[in-house]
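Undergrad: Here's a structure for you.
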Amino acid sequence: MAKSKSEAPETKHEQNLDHIRHSLAHLLAAAVLKEFPDAKLGVGPTVENGFYYDFLLPRPITPDDLKGLEKAMRTMVDKKLPFTGREVTAAEAKKLFAQQPFKLDLINEFSKEGQKLTVYETGDVFMDLCRGGHVENTSEIAADGFTLDKIAGAYWRGDEKNPQLQRIYGLAFESKEALKKYLELREEAKKRDHRKLGKELELFTIIDEVGPGLPLFYPKGAILRRVLENYITEMQEKRGYVPIWIPHITKGDLYKISGHLDKYDAMYPPMDLKGEAQYYLKPMNCPHFMMLYKTEPHSYRDLPLRWTCTTTNYRYEKSGELSGLTRVRALTQDDCHVFVRPDQIEHEINLMLDMIGDVYRDFGFNDFRVRISVRDPKHKENYIGDEKIWVEAESVLKNLIEKRKWSHEIGEGEAAFYGPKLDFIFKDVLGRDWQLSTIQLDMNLPQRFELEYIDDKGEKVRPIVIHRAILGSTERFMGILIEHFAGAFPTWLAPVQATILPISDKFVEYGKKVHEQLLAAGIRAELADANESLGKRIRTAEMTKIPYVLVVGEKEEAAETVAVRSRKGDEGAVDAKKFVAHLAEEIKKRS
């Protein structure tokens, strides 16, 4: 579970595991020094699922070296070596690490910052400059609960002007069983990798000539996008949300007002147009919504004003952080801004929670929790807006989530400076956390854009804006869905819901008749070419994860049936019209 700032930094289990991983990083360094006495040590922190250590070595490390290092580490584990720490002066530290230039670099930096220096010894086999966080002795480490995993390159301090070091990664868990479970899940995750499946299922591609982080979608991927976006549009409009539309570029003045021009570091450089102001690709939509609101006068009777727009934003993400569809430079948001009076906050958020609950149910995401992000009570000066509205808004958020009995946590100090918020985190089929929906109360942009409405006393007052996204980003949501379902989407989501396979050319005409019935019922269906063998066409349909395969031949044509193969297996001959009706109903129910 994500930690709130009011809680202890870690659960006891997490802390123990972190200490095990940190201790193993020291054992790795000790093993490397034994094999390469002249090795220069970088740093060795813990990371998710394990640890790493960086080294400058006389030769490249190989996978065979990892086996030997791992064996040496296990020998040290069995010796029950103690970990002991002590504070040292800068002069003493420099003497201890006189032959370690990277450690000397750190000592100089920490000394300038006035930080205390500590060293930790692992028995008599290793000493490191370290802040601590270790097991008492190596008997607390499961000798079969860790493994050295991979080798990578890393510049010292992440700066390519510095020497490149060799980074050795390790995985570590509390037991052999936990390590085995993780490795199995990782293998399953590789099979489900949306980048791999996206290519195999002809959903999307990323082409170097177009640019990293700028995905292009094949017909099947475009259909899946459209299904998702149409679904959200339907869910919104039946709840009283109305669409607006905004352009993809804007003058820099707009982002000067909003503050993004000075604060936001992922904006693309401006377009310098001769004789005109500088224009920018939009990285977010909020300022456009604010300006549109401002063009007309508003009364308290006009509110709430629920505006939505599904539109693409462009952000200059670092190339090394891009990943398939889950981290892109062109991201499409199902964006919504609701302009409200303070007394309308509870009703509007309840409306949003209803929609989030329905959406998660339809996608089968039943395991989720909510992070309620509130102010740091000790530093209220860091937040803008009326104290009374903050107190009421935080109370509303907590009460609404508690009433629904949704799993939640309080993120004290996690609120944005402009208002409290709700973040929704769900677990996929592999138990991985993904943040999807968000609801944010905003008292900042109405102030910056000088938004107003006339209240019931005839006075000008500021509205509050509620930002809300359900999917978050169409592209990212697609990537998550592909992995969650391993490409085998529920029928209502599948780009192709049924394929008709005539046994031979003789039955193509009957296949066309069934195809037309499916299309007339709004079902996404295709008629496969009869030139290849039936077995090969069935395998192709199964590999492309089409929910229903309909085989038609002489018996089916005579009886006006279809031989149905679903993901459950062979379902036998079914009356064609009845099958079409059944499938249409399944899709309608999103079952």
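By convention in this document, the chains of the structure tokens carry letters A, B, ... by their order, each chain's residues are numbered from 1, and ligands are numbered from 1 in the order they are shown.
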If we count only C-alpha atoms and set the cut-off at 7 Å, which residues sit around Ile546 in chain A, ignoring sequence neighbours fewer than 4 positions away in its own chain? Please answer as a list of chain:residue names.

TA: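 Here the answer would be A:Val496, A:Gln497, A:Ala498, A:Ala541, A:Glu542.
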
Undergrad: Could you save those same residues with N, CA and C atoms as a JSON list (two decimals), in the first residue's frame?

TA:
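Final file, out12.json:
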```
[["chain", "number", "residue", "atom", "x", "y", "z"],
["A", 496, "VAL", "N", -11.90, -7.19, -33.00],
["A", 496, "VAL", "CA", -12.69, -8.11, -33.83],
["A", 496, "VAL", "C", -13.38, -9.07, -32.87],
["A", 497, "GLN", "N", -14.72, -9.08, -32.92],
["A", 497, "GLN", "CA", -15.47, -9.87, -31.95],
["A", 497, "GLN", "C", -15.80, -11.28, -32.45],
["A", 498, "ALA", "N", -15.84, -11.43, -33.76],
["A", 498, "ALA", "CA", -16.12, -12.75, -34.35],
["A", 498, "ALA", "C", -15.50, -12.82, -35.73],
["A", 541, "ALA", "N", -6.80, -17.30, -35.83],
["A", 541, "ALA", "CA", -7.85, -16.62, -35.07],
["A", 541, "ALA", "C", -7.59, -16.73, -33.57],
["A", 542, "GLU", "N", -7.14, -17.89, -33.13],
["A", 542, "GLU", "CA", -6.86, -18.08, -31.70],
["A", 542, "GLU", "C", -5.64, -17.28, -31.26]]
```

Undergrad: May I have the residues within 7 Å of Cys130 in chain A as a list in words, using only C-alpha atoms and disregarding those fewer than 2 positions away in the same chain?

TA: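 The contact residues come out as Thr118, Val119, Tyr120, Asp128 and Gly132 of chain A.
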
Undergrad: Could you dump the residues just selected with all heavy atoms as a PDB file, in the first residue's frame?

TA:
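To be explicit, this is the file written out as selection.pdb:
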```pdb
ATOM      1  N   THR A 118      29.082   8.141   8.243  1.00  0.00           N
ATOM      2  CA  THR A 118      29.122   6.861   8.957  1.00  0.00           C
ATOM      3  C   THR A 118      29.669   5.781   8.044  1.00  0.00           C
ATOM      4  O   THR A 118      29.475   5.833   6.816  1.00  0.00           O
ATOM      5  CB  THR A 118      27.724   6.442   9.465  1.00  0.00           C
ATOM      6  OG1 THR A 118      26.817   6.459   8.357  1.00  0.00           O
ATOM      7  CG2 THR A 118      27.214   7.374  10.538  1.00  0.00           C
ATOM      8  N   VAL A 119      30.324   4.815   8.639  1.00  0.00           N
ATOM      9  CA  VAL A 119      30.798   3.655   7.883  1.00  0.00           C
ATOM     10  C   VAL A 119      30.202   2.408   8.532  1.00  0.00           C
ATOM     11  O   VAL A 119      29.965   2.381   9.747  1.00  0.00           O
ATOM     12  CB  VAL A 119      32.341   3.546   7.855  1.00  0.00           C
ATOM     13  CG1 VAL A 119      32.937   4.709   7.095  1.00  0.00           C
ATOM     14  CG2 VAL A 119      32.923   3.453   9.261  1.00  0.00           C
ATOM     15  N   TYR A 120      29.952   1.420   7.703  1.00  0.00           N
ATOM     16  CA  TYR A 120      29.422   0.136   8.196  1.00  0.00           C
ATOM     17  C   TYR A 120      30.368  -0.978   7.781  1.00  0.00           C
ATOM     18  O   TYR A 120      30.797  -1.049   6.624  1.00  0.00           O
ATOM     19  CB  TYR A 120      28.025  -0.120   7.640  1.00  0.00           C
ATOM     20  CG  TYR A 120      26.941   0.464   8.513  1.00  0.00           C
ATOM     21  CD1 TYR A 120      26.644   1.821   8.453  1.00  0.00           C
ATOM     22  CD2 TYR A 120      26.251  -0.329   9.427  1.00  0.00           C
ATOM     23  CE1 TYR A 120      25.669   2.378   9.268  1.00  0.00           C
ATOM     24  CE2 TYR A 120      25.267   0.223  10.253  1.00  0.00           C
ATOM     25  CZ  TYR A 120      24.983   1.577  10.161  1.00  0.00           C
ATOM     26  OH  TYR A 120      24.021   2.118  10.981  1.00  0.00           O
ATOM     27  N   ASP A 128      32.054   0.034   4.136  1.00  0.00           N
ATOM     28  CA  ASP A 128      31.514   0.963   3.150  1.00  0.00           C
ATOM     29  C   ASP A 128      31.059   2.249   3.823  1.00  0.00           C
ATOM     30  O   ASP A 128      30.665   2.248   4.997  1.00  0.00           O
ATOM     31  CB  ASP A 128      30.315   0.331   2.422  1.00  0.00           C
ATOM     32  CG  ASP A 128      30.097   0.936   1.041  1.00  0.00           C
ATOM     33  OD1 ASP A 128      30.822   1.880   0.675  1.00  0.00           O
ATOM     34  OD2 ASP A 128      29.207   0.452   0.317  1.00  0.00           O
ATOM     35  N   GLY A 132      23.433   3.343   6.682  1.00  0.00           N
ATOM     36  CA  GLY A 132      22.875   2.255   7.479  1.00  0.00           C
ATOM     37  C   GLY A 132      21.539   1.750   6.994  1.00  0.00           C
ATOM     38  O   GLY A 132      21.044   2.153   5.949  1.00  0.00           O
TER      39      GLY A 132
END
```

Undergrad: Can you pull out every residue from range 62-209 of chain A that DSSP, working from the backbone, puts in helix (DSSP H, G or I), and format the result as number ranges by chain?

TA: A: 63-78, 90-96, 101-112, 138-140, 156-158, 176-192, 194-200

Undergrad: Give the strand (DSSP E) residues of range 536-582 of chain A, as assigned by DSSP on the backbone, as a list of chain:residue names.

TA: A:Tyr548, A:Val549, A:Leu550, A:Val551, A:Val552, A:Thr561, A:Val562, A:Ala563, A:Val564, A:Arg565, A:Ser566, A:Gly569, A:Asp570, A:Glu571, A:Gly572, A:Ala573, A:Val574, A:Asp575

Undergrad: Taking only C-alpha atoms into account, which of A:Leu292, A:Met478, A:Ile384, A:Leu56 comes nearest Met443 in chain A?

TA: A:Ile384

Undergrad: Which residue gives the smallest distance to Glu394 in chain A among A:Gln440, A:Ser566, A:Thr147, A:Gln435, with only C-alpha atoms counted?

TA: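 Among the listed residues, A:Gln440 lies closest to Glu394 in chain A.
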
Undergrad: Give me the residues near Thr205 in chain A as a VMD selection string, where near means some atom within 12 Å (using only C-alpha atoms) and where sequence neighbours in that chain fewer than 6 positions away do not count.

TA: chain A and resid 194 to 199 211 to 222 323 to 325 475

Undergrad: Could you list, as a list in words, every residue within 8 Å of Thr250 in chain A, counting only C-alpha atoms and ignoring same-chain residues fewer than 5 positions away?

TA: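 Skipping anything fewer than 5 positions along the chain leaves Tyr279, Tyr280, Leu281 and Lys282 of chain A.
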
Undergrad: Between CA of Tyr293 in chain A and CA of Pro463 in chain A, what is the distance, to one decimal in Å?

TA: 10.6 Å

Undergrad: Could you pull the residues within 8 Å of Ser591 in chain A, counting only C-alpha atoms, minus those fewer than 5 positions along the same chain, as a list in words?

TA: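 Neighbouring residues, sequence-local ones excluded: Asp362, Pro490, Thr491, Trp492 and Glu586 of chain A.
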
Undergrad: Go ahead and write the selection's residues with N, CA and C atoms as a PDB file, in the first residue's frame.

TA:
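In the end it all went to selection14.pdb:
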```pdb
ATOM      1  N   ASP A 362     -17.033  -2.477 -15.040  1.00  0.00           N
ATOM      2  CA  ASP A 362     -17.140  -2.914 -16.431  1.00  0.00           C
ATOM      3  C   ASP A 362     -15.823  -3.475 -16.968  1.00  0.00           C
ATOM      4  N   PRO A 490     -12.208  -8.782 -23.240  1.00  0.00           N
ATOM      5  CA  PRO A 490     -13.615  -9.177 -23.181  1.00  0.00           C
ATOM      6  C   PRO A 490     -14.279  -8.869 -24.525  1.00  0.00           C
ATOM      7  N   THR A 491     -15.306  -9.613 -24.869  1.00  0.00           N
ATOM      8  CA  THR A 491     -15.912  -9.483 -26.196  1.00  0.00           C
ATOM      9  C   THR A 491     -16.300  -8.050 -26.522  1.00  0.00           C
ATOM     10  N   TRP A 492     -16.841  -7.316 -25.550  1.00  0.00           N
ATOM     11  CA  TRP A 492     -17.306  -5.959 -25.855  1.00  0.00           C
ATOM     12  C   TRP A 492     -16.157  -5.022 -26.217  1.00  0.00           C
ATOM     13  N   GLU A 586     -24.537 -10.111 -25.197  1.00  0.00           N
ATOM     14  CA  GLU A 586     -23.306 -10.198 -24.403  1.00  0.00           C
ATOM     15  C   GLU A 586     -22.525  -8.887 -24.484  1.00  0.00           C
TER      16      GLU A 586
END
```

Undergrad: Compare A:Tyr255, A:Tyr53, A:Phe339, A:Phe368 by their minimum atom-to-atom distance to Gly431 in chain A, counting only C-alpha atoms, and give me the closest one.

TA: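 For Gly431 in chain A, the nearest of the candidates is A:Phe368.
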
Undergrad: Quick one: residues within 7 Å of range 345-358 of chain A, only C-alpha atoms counted, chain neighbours fewer than 5 positions away excluded, as a PyMOL selection string?

TA: chain A and resi 340+396+470
